[in-house]
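Text of input.cif (mmCIF, C-alpha atoms and all ligand atoms) as supplied:
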data_entry
loop_
_atom_site.label_atom_id
_atom_site.label_comp_id
_atom_site.auth_asym_id
_atom_site.auth_seq_id
_atom_site.Cartn_x
_atom_site.Cartn_y
_atom_site.Cartn_z
CA MET A 434 65.91 -52.66 -44.40
CA TYR A 435 62.14 -53.08 -44.36
CA ASN A 436 60.95 -51.07 -41.43
CA PRO A 437 58.58 -53.22 -39.34
CA SER A 438 57.58 -50.11 -37.45
CA PHE A 439 55.52 -48.94 -40.42
CA LYS A 440 52.01 -48.53 -39.15
CA GLY A 441 49.15 -50.46 -40.74
CA ASP A 442 49.38 -52.95 -43.57
CA VAL A 443 52.35 -52.14 -45.82
CA CYS A 444 53.30 -54.66 -48.53
CA SER A 445 56.90 -55.67 -47.73
CA HIS A 446 59.66 -55.46 -50.33
CA ARG A 447 60.10 -59.18 -49.68
CA HIS A 448 57.03 -59.61 -51.91
CA ALA A 449 58.56 -57.62 -54.76
CA ILE A 450 58.90 -60.73 -56.93
CA PHE A 451 55.09 -61.06 -56.98
CA LEU A 452 54.83 -57.48 -58.23
CA ASP A 453 57.16 -57.73 -61.20
CA ASN A 454 57.21 -60.92 -63.23
CA PHE A 455 56.18 -62.14 -66.67
CA ILE A 456 52.93 -63.69 -65.40
CA ARG A 457 51.67 -60.33 -64.15
CA ARG A 458 52.45 -58.87 -67.57
CA LEU A 459 49.90 -61.28 -69.10
CA PHE A 460 47.09 -59.96 -66.89
CA GLN A 461 48.09 -56.40 -66.03
CA ASN A 462 49.74 -54.84 -69.05
CA PRO A 463 51.10 -51.37 -68.10
CA LYS A 464 50.52 -50.08 -71.64
CA LYS A 465 46.84 -51.01 -71.52
CA ILE A 466 46.42 -49.73 -67.96
CA ALA A 467 48.30 -46.41 -68.06
CA GLY A 468 48.89 -45.93 -71.81
CA PRO A 469 45.61 -44.09 -72.57
CA TYR A 470 46.54 -41.28 -70.15
CA ILE A 471 50.22 -40.64 -70.94
CA ASN A 472 51.63 -38.51 -73.76
CA PRO A 473 55.28 -37.91 -74.68
CA GLY A 474 56.72 -35.15 -72.51
CA ASP A 475 54.33 -35.73 -69.61
CA THR A 476 55.14 -35.53 -65.92
CA VAL A 477 53.96 -38.73 -64.26
CA LEU A 478 53.84 -39.84 -60.62
CA ASP A 479 53.88 -43.52 -59.66
CA LEU A 480 52.73 -43.44 -56.04
CA GLY A 481 53.57 -46.55 -54.03
CA CYS A 482 55.63 -47.66 -57.01
CA GLY A 483 56.95 -50.84 -55.34
CA PRO A 484 59.68 -52.41 -57.52
CA GLY A 485 58.73 -50.18 -60.47
CA TYR A 486 56.55 -52.50 -62.53
CA PHE A 487 54.63 -49.49 -63.90
CA SER A 488 57.40 -46.87 -63.61
CA ILE A 489 59.58 -48.44 -66.31
CA ASP A 490 56.84 -48.64 -68.94
CA MET A 491 55.45 -45.23 -68.01
CA ALA A 492 58.93 -43.71 -68.46
CA LYS A 493 59.09 -45.22 -71.96
CA MET A 494 55.67 -43.70 -72.72
CA ALA A 495 56.65 -40.25 -71.35
CA GLY A 496 59.87 -40.38 -73.38
CA THR A 497 63.03 -38.30 -73.14
CA GLY A 498 61.11 -35.04 -72.67
CA GLY A 499 59.04 -36.51 -69.86
CA ARG A 500 59.59 -37.28 -66.19
CA VAL A 501 58.44 -40.07 -63.89
CA PHE A 502 58.66 -39.72 -60.11
CA SER A 503 58.67 -43.16 -58.50
CA VAL A 504 57.52 -42.72 -54.93
CA ASP A 505 57.63 -45.29 -52.14
CA LEU A 506 58.18 -45.69 -48.41
CA GLN A 507 60.70 -48.48 -48.79
CA GLU A 508 64.29 -47.93 -49.81
CA GLU A 509 64.51 -51.55 -51.01
CA MET A 510 61.67 -50.98 -53.49
CA LEU A 511 63.34 -47.80 -54.77
CA SER A 512 66.68 -49.64 -55.17
CA ARG A 513 64.96 -52.03 -57.53
CA VAL A 514 63.52 -49.11 -59.49
CA VAL A 515 67.00 -47.57 -59.79
CA GLN A 516 68.48 -50.88 -60.92
CA LYS A 517 65.85 -51.26 -63.65
CA SER A 518 66.19 -47.60 -64.69
CA VAL A 519 69.89 -48.19 -65.30
CA GLN A 520 69.26 -51.43 -67.21
CA ASN A 521 66.66 -49.71 -69.40
CA ARG A 522 68.64 -46.46 -69.81
CA LEU A 523 65.86 -44.46 -68.22
CA THR A 524 67.79 -42.73 -65.44
CA GLY A 525 67.30 -39.35 -67.14
CA ILE A 526 63.52 -39.78 -66.94
CA ILE A 527 62.91 -41.61 -63.65
CA THR A 528 63.49 -39.93 -60.29
CA PRO A 529 63.13 -42.21 -57.24
CA HIS A 530 61.66 -40.46 -54.23
CA ARG A 531 61.36 -41.85 -50.73
CA CYS A 532 58.32 -40.57 -48.87
CA THR A 533 56.96 -41.13 -45.35
CA GLN A 534 53.60 -42.54 -44.30
CA GLU A 535 52.50 -39.01 -43.41
CA ASN A 536 53.91 -37.02 -46.30
CA ILE A 537 54.48 -37.60 -50.00
CA GLY A 538 57.02 -34.81 -49.72
CA LEU A 539 57.28 -33.77 -53.36
CA GLY A 540 57.80 -30.04 -53.76
CA PRO A 541 55.05 -27.65 -54.83
CA GLU A 542 56.90 -27.07 -58.12
CA ILE A 543 55.94 -30.57 -59.31
CA LYS A 544 52.61 -30.76 -61.11
CA ALA A 545 51.64 -33.99 -62.82
CA ASP A 546 49.78 -34.74 -66.02
CA PHE A 547 49.10 -38.26 -64.82
CA ILE A 548 49.23 -39.91 -61.40
CA LEU A 549 48.96 -43.64 -60.79
CA ALA A 550 48.20 -45.20 -57.41
CA TYR A 551 48.05 -48.93 -58.08
CA TYR A 552 47.12 -51.26 -55.22
CA MET A 553 48.38 -48.78 -52.64
CA VAL A 554 45.77 -46.31 -51.37
CA HIS A 555 44.33 -48.92 -48.98
CA GLU A 556 47.81 -49.08 -47.39
CA THR A 557 47.90 -45.36 -46.59
CA LEU A 558 47.26 -44.47 -42.97
CA ASP A 559 44.90 -41.56 -43.54
CA HIS A 560 43.23 -41.78 -46.97
CA GLY A 561 41.87 -38.22 -46.79
CA LYS A 562 45.22 -36.66 -45.93
CA PHE A 563 46.98 -38.71 -48.59
CA LEU A 564 44.41 -37.90 -51.29
CA SER A 565 44.49 -34.18 -50.58
CA GLN A 566 48.28 -34.28 -51.04
CA VAL A 567 47.76 -36.11 -54.34
CA ARG A 568 45.29 -33.47 -55.47
CA ALA A 569 47.82 -30.70 -54.79
CA LEU A 570 50.30 -32.45 -57.10
CA MET A 571 48.00 -32.45 -60.14
CA LYS A 572 47.82 -30.06 -63.06
CA PRO A 573 44.29 -28.69 -63.58
CA GLU A 574 43.86 -30.94 -66.61
CA GLY A 575 45.68 -33.87 -64.98
CA ARG A 576 44.27 -37.34 -64.40
CA PHE A 577 44.57 -39.63 -61.38
CA LEU A 578 44.02 -43.37 -61.83
CA MET A 579 43.40 -45.27 -58.63
CA VAL A 580 43.20 -49.07 -58.79
CA GLU A 581 42.64 -51.27 -55.75
CA PRO A 582 42.80 -55.08 -55.50
CA LEU A 583 39.52 -57.03 -55.55
CA PHE A 584 40.79 -59.50 -52.97
CA HIS A 585 41.95 -56.91 -50.41
CA VAL A 586 39.49 -54.08 -50.84
CA SER A 587 35.74 -54.72 -50.80
CA ARG A 588 33.41 -52.76 -53.08
CA LYS A 589 32.09 -50.95 -50.01
CA LYS A 590 35.58 -49.99 -48.86
CA PHE A 591 36.50 -48.85 -52.37
CA GLU A 592 33.41 -46.65 -52.58
CA GLN A 593 34.34 -45.12 -49.21
CA ILE A 594 37.79 -44.26 -50.62
CA VAL A 595 36.19 -42.78 -53.77
CA LYS A 596 33.87 -40.69 -51.60
CA THR A 597 36.84 -39.49 -49.55
CA ALA A 598 38.54 -38.48 -52.82
CA MET A 599 35.45 -36.50 -53.90
CA ASP A 600 35.32 -34.85 -50.46
CA THR A 601 38.90 -33.64 -50.98
CA GLY A 602 37.86 -32.00 -54.28
CA PHE A 603 38.41 -34.65 -56.92
CA ILE A 604 35.88 -35.04 -59.74
CA LEU A 605 34.90 -38.45 -61.04
CA LYS A 606 35.87 -38.75 -64.72
CA ASP A 607 35.45 -42.44 -65.46
CA ARG A 608 35.13 -45.95 -64.09
CA PRO A 609 37.48 -47.56 -66.62
CA PRO A 610 37.15 -51.34 -66.98
CA GLY A 611 40.02 -53.76 -67.58
CA LYS A 612 42.51 -52.13 -65.21
CA GLY A 613 43.04 -55.20 -63.02
CA GLY A 614 40.95 -54.25 -60.02
CA ARG A 615 38.47 -51.71 -58.67
CA SER A 616 39.25 -48.62 -60.70
CA VAL A 617 38.40 -44.96 -60.87
CA LEU A 618 39.76 -42.10 -62.97
CA LEU A 619 39.67 -38.74 -61.20
CA GLY A 620 40.31 -35.17 -62.22
CA ILE A 621 40.22 -31.81 -60.43
C1 LIG B 701 50.97 -53.73 -53.06
S1 LIG B 701 52.39 -52.71 -53.38
C2 LIG B 701 52.02 -52.14 -55.04
C3 LIG B 701 53.24 -51.66 -55.78
C4 LIG B 701 53.02 -51.13 -57.20
N1 LIG B 701 52.08 -50.04 -57.23
C5 LIG B 701 52.58 -52.22 -58.12
O1 LIG B 701 51.39 -52.31 -58.46
O2 LIG B 701 53.45 -53.03 -58.52
C6 LIG B 701 52.09 -51.25 -52.40
C7 LIG B 701 53.28 -50.32 -52.32
O3 LIG B 701 52.84 -49.07 -51.74
C8 LIG B 701 53.83 -48.62 -50.85
N2 LIG B 701 53.18 -47.74 -49.88
C9 LIG B 701 52.34 -48.04 -48.86
N3 LIG B 701 51.94 -46.94 -48.23
C10 LIG B 701 52.51 -45.90 -48.86
C11 LIG B 701 52.48 -44.48 -48.69
N4 LIG B 701 51.76 -43.91 -47.72
N5 LIG B 701 53.18 -43.72 -49.54
C12 LIG B 701 53.92 -44.29 -50.53
N6 LIG B 701 54.00 -45.61 -50.75
C13 LIG B 701 53.31 -46.40 -49.93
C14 LIG B 701 54.43 -49.88 -50.26
O4 LIG B 701 55.73 -49.65 -49.73
C15 LIG B 701 54.43 -50.82 -51.47
O5 LIG B 701 55.64 -50.74 -52.19
#
Any chance you could give the structure as structure tokens?
Ligand SMILES: C[S@@+](CC[C@H](N)C(=O)[O-])C[C@H]1O[C@@H](n2cnc3c(N)ncnc32)[C@H](O)[C@@H]1O
Amino acid sequence: MYNPSFKGDVCSHRHAIFLDNFIRRLFQNPKKIAGPYINPGDTVLDLGCGPGYFSIDMAKMAGTGGRVFSVDLQEEMLSRVVQKSVQNRLTGIITPHRCTQENIGLGPEIKADFILAYYMVHETLDHGKFLSQVRALMKPEGRFLMVEPLFHVSRKKFEQIVKTAMDTGFILKDRPPGKGGRSVLLGI
């Protein structure tokens, strides 16, 4: 069940249909958005994965030697990811992981080549705390792509989030265009 006691503004699983449909595929192609940063065999994190719109394609890109951790607060979102993993025969690559609003909760043994946070950082309660947890999950040469929606997150708010990321030790690598929102590529 969606937990209405989540603090802040969390996109309900009841909106999952808007996050995974053929129309979105026309405008936000996962291969164009995440493809340039993923190689076969990579470890990938999809933070705030929702119904797994990006997880499925990223698992195909990472291939049988790779791993994708699909992370979300909501069990209902993760159930959809599991369902699609089975349909696409990707259960050996995708690991669903339920986190809390305070903690991502992935072990220190997991270090990612690529981390995606698509339309989700503005929903986190404490951006600084969240981003420092993200940083700890990255390989030294890893990349973190953060994309925020134009309609929900003003330029000013986005720049505040980017500054918070830099304050936690991220380095700005790129401002890639064509990612479907306000975008930044970060490294450590
Ligand atoms: C607008 S949806 C985007 C889903 C997905 N990234 C996509 O683009 O299709 C935001 C998602 O982030 C999740 N979320 C919000 N706060 C979170 C947090 N602190 N940790 C993990 N997931 C979170 C919500 O449950 C929701 O599924």
Residues of chain A at most 8 Å from ligand LIG 701 (chain B): nearest atom pair and distance in Å, all atoms listed in the file, as a Markdown table:
| residue | atom | partner | partner_atom | distance |
| --- | --- | --- | --- | --- |
| A:Asp442 | CA | B:LIG701 | C9 | 7.8 |
| A:Val443 | CA | B:LIG701 | C9 | 5.1 |
| A:Cys444 | CA | B:LIG701 | C15 | 5.0 |
| A:Ser445 | CA | B:LIG701 | O4 | 6.5 |
| A:His446 | CA | B:LIG701 | O5 | 6.5 |
| A:Ala449 | CA | B:LIG701 | O2 | 7.8 |
| A:Leu452 | CA | B:LIG701 | O2 | 4.7 |
| A:Asp453 | CA | B:LIG701 | O2 | 6.6 |
| A:Asp479 | CA | B:LIG701 | N1 | 7.2 |
| A:Leu480 | CA | B:LIG701 | C12 | 5.7 |
| A:Gly481 | CA | B:LIG701 | N6 | 3.4 |
| A:Cys482 | CA | B:LIG701 | N1 | 4.3 |
| A:Gly483 | CA | B:LIG701 | O5 | 3.4 |
| A:Pro484 | CA | B:LIG701 | O2 | 6.3 |
| A:Gly485 | CA | B:LIG701 | O2 | 6.3 |
| A:Tyr486 | CA | B:LIG701 | O2 | 5.1 |
| A:Phe487 | CA | B:LIG701 | O2 | 6.5 |
| A:Val504 | CA | B:LIG701 | C12 | 5.9 |
| A:Asp505 | CA | B:LIG701 | N6 | 3.9 |
| A:Leu506 | CA | B:LIG701 | N6 | 4.8 |
| A:Gln507 | CA | B:LIG701 | O4 | 5.2 |
| A:Met510 | CA | B:LIG701 | O5 | 6.2 |
| A:Arg531 | CA | B:LIG701 | C12 | 7.8 |
| A:Cys532 | CA | B:LIG701 | C12 | 6.0 |
| A:Thr533 | CA | B:LIG701 | N5 | 6.2 |
| A:Gln534 | CA | B:LIG701 | N4 | 4.1 |
| A:Glu535 | CA | B:LIG701 | N4 | 6.6 |
| A:Asn536 | CA | B:LIG701 | N4 | 7.4 |
| A:Ile537 | CA | B:LIG701 | N5 | 6.3 |
| A:Leu549 | CA | B:LIG701 | N1 | 8.0 |
| A:Ala550 | CA | B:LIG701 | N1 | 6.2 |
| A:Tyr551 | CA | B:LIG701 | N1 | 4.3 |
| A:Tyr552 | CA | B:LIG701 | C2 | 5.0 |
| A:Met553 | CA | B:LIG701 | C6 | 4.5 |
| A:Val554 | CA | B:LIG701 | N3 | 7.0 |
| A:His555 | CA | B:LIG701 | N3 | 7.9 |
| A:Glu556 | CA | B:LIG701 | N3 | 4.7 |
| A:Thr557 | CA | B:LIG701 | N4 | 4.3 |
| A:Leu558 | CA | B:LIG701 | N4 | 6.6 |
| A:Phe563 | CA | B:LIG701 | N4 | 7.1 |
For the selection you just gave me, I'd like the residues written to a file as a compact mmCIF listing (two decimals), keeping the file's coordinate frame, keeping C-alpha atoms.
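Output contents, as saved in again00.txt:
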# COMPACT_ATOMS: atom_id res chain seq x y z
CA ASP A 442 49.38 -52.95 -43.57
CA VAL A 443 52.35 -52.14 -45.82
CA CYS A 444 53.30 -54.66 -48.53
CA SER A 445 56.90 -55.67 -47.73
CA HIS A 446 59.66 -55.46 -50.33
CA ALA A 449 58.56 -57.62 -54.76
CA LEU A 452 54.83 -57.48 -58.23
CA ASP A 453 57.16 -57.73 -61.20
CA ASP A 479 53.88 -43.52 -59.66
CA LEU A 480 52.73 -43.44 -56.04
CA GLY A 481 53.57 -46.55 -54.03
CA CYS A 482 55.63 -47.66 -57.01
CA GLY A 483 56.95 -50.84 -55.34
CA PRO A 484 59.68 -52.41 -57.52
CA GLY A 485 58.73 -50.18 -60.47
CA TYR A 486 56.55 -52.50 -62.53
CA PHE A 487 54.63 -49.49 -63.90
CA VAL A 504 57.52 -42.72 -54.93
CA ASP A 505 57.63 -45.29 -52.14
CA LEU A 506 58.18 -45.69 -48.41
CA GLN A 507 60.70 -48.48 -48.79
CA MET A 510 61.67 -50.98 -53.49
CA ARG A 531 61.36 -41.85 -50.73
CA CYS A 532 58.32 -40.57 -48.87
CA THR A 533 56.96 -41.13 -45.35
CA GLN A 534 53.60 -42.54 -44.30
CA GLU A 535 52.50 -39.01 -43.41
CA ASN A 536 53.91 -37.02 -46.30
CA ILE A 537 54.48 -37.60 -50.00
CA LEU A 549 48.96 -43.64 -60.79
CA ALA A 550 48.20 -45.20 -57.41
CA TYR A 551 48.05 -48.93 -58.08
CA TYR A 552 47.12 -51.26 -55.22
CA MET A 553 48.38 -48.78 -52.64
CA VAL A 554 45.77 -46.31 -51.37
CA HIS A 555 44.33 -48.92 -48.98
CA GLU A 556 47.81 -49.08 -47.39
CA THR A 557 47.90 -45.36 -46.59
CA LEU A 558 47.26 -44.47 -42.97
CA PHE A 563 46.98 -38.71 -48.59
Just the number, please: distance in Å from atom CA of Phe547 of chain A to atom CA of His448 of chain A, one decimal. 26.2 Å
Nearest-residue call for Pro469 of chain A, choices A:Lys590, A:Lys612, A:Lys596, A:Arg522, using all atoms listed in the file: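 For Pro469 of chain A, the nearest of the given residues is A:Lys612.
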May I ask which of the residues A:Pro529, A:Lys464, A:Arg588, A:Met599 is the closest one to Gln516 of chain A, counting all atoms listed in the file?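 The shortest atom-to-atom distance to Gln516 of chain A comes from A:Pro529.
Atom CA of Pro463 of chain A is found 28.9 Å from atom CA of Asp600 of chain A.
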Quick one: everything within 10 Å of Thr601 of chain A, counting all atoms listed in the file, minus sequence neighbours fewer than 6 positions away in the same chain. Send it as a ChimeraX atom specification. /A:561-568,595,621
Which one is closest to Met494 of chain A: A:Arg513, A:Lys606, A:Lys465, A:Lys589? Count only C-alpha atoms.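 Closest candidate: A:Lys465.
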Any idea what's packed within 12 Å of Gly498 of chain A, counting all atoms listed in the file, ignoring anything in its chain fewer than 2 positions away? Could you give it as a VMD selection string? chain A and resid 472 to 477 492 to 496 500 to 501 523 525 to 527
Could you work out how far atom CA of Ser616 of chain A lies from atom CA of Ile466 of chain A, giving the answer in Å with one decimal?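 Spanning atom CA of Ile466 of chain A to atom CA of Ser616 of chain A is a straight-line distance of 10.3 Å.
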Residue nearest Val617 of chain A among A:Phe577, A:Phe584, A:Phe451, A:Phe502 (counting all atoms listed in the file):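 Going through A:Phe577, A:Phe584, A:Phe451, A:Phe502 one by one, the smallest distance to Val617 of chain A is for A:Phe577.
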Spatial sel., origin (47.6, -33.3, -68.8), limit 7 Å, all atoms listed in the file, listed as a list in words: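 Answer for this query, in the requested form: Asp546, Phe547, Lys572, Glu574, Gly575 and Arg576 of chain A.
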Output C-alpha atoms for every residue in the selection just made, as a compact mmCIF listing (two decimals), in the frame of the given file.
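Contents of result_23.txt, freshly written:
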# COMPACT_ATOMS: atom_id res chain seq x y z
CA ASP A 546 49.78 -34.74 -66.02
CA PHE A 547 49.10 -38.26 -64.82
CA LYS A 572 47.82 -30.06 -63.06
CA GLU A 574 43.86 -30.94 -66.61
CA GLY A 575 45.68 -33.87 -64.98
CA ARG A 576 44.27 -37.34 -64.40
I'd like to know which of A:Gly613, A:Ser503, A:Thr497, A:Leu619 is closest to Arg457 of chain A, using all atoms listed in the file. A:Gly613
Nearest to Phe603 of chain A, restricted to only C-alpha atoms and choosing among A:Ala467, A:Met579, A:Ser587, A:Gly441, comes out as A:Met579
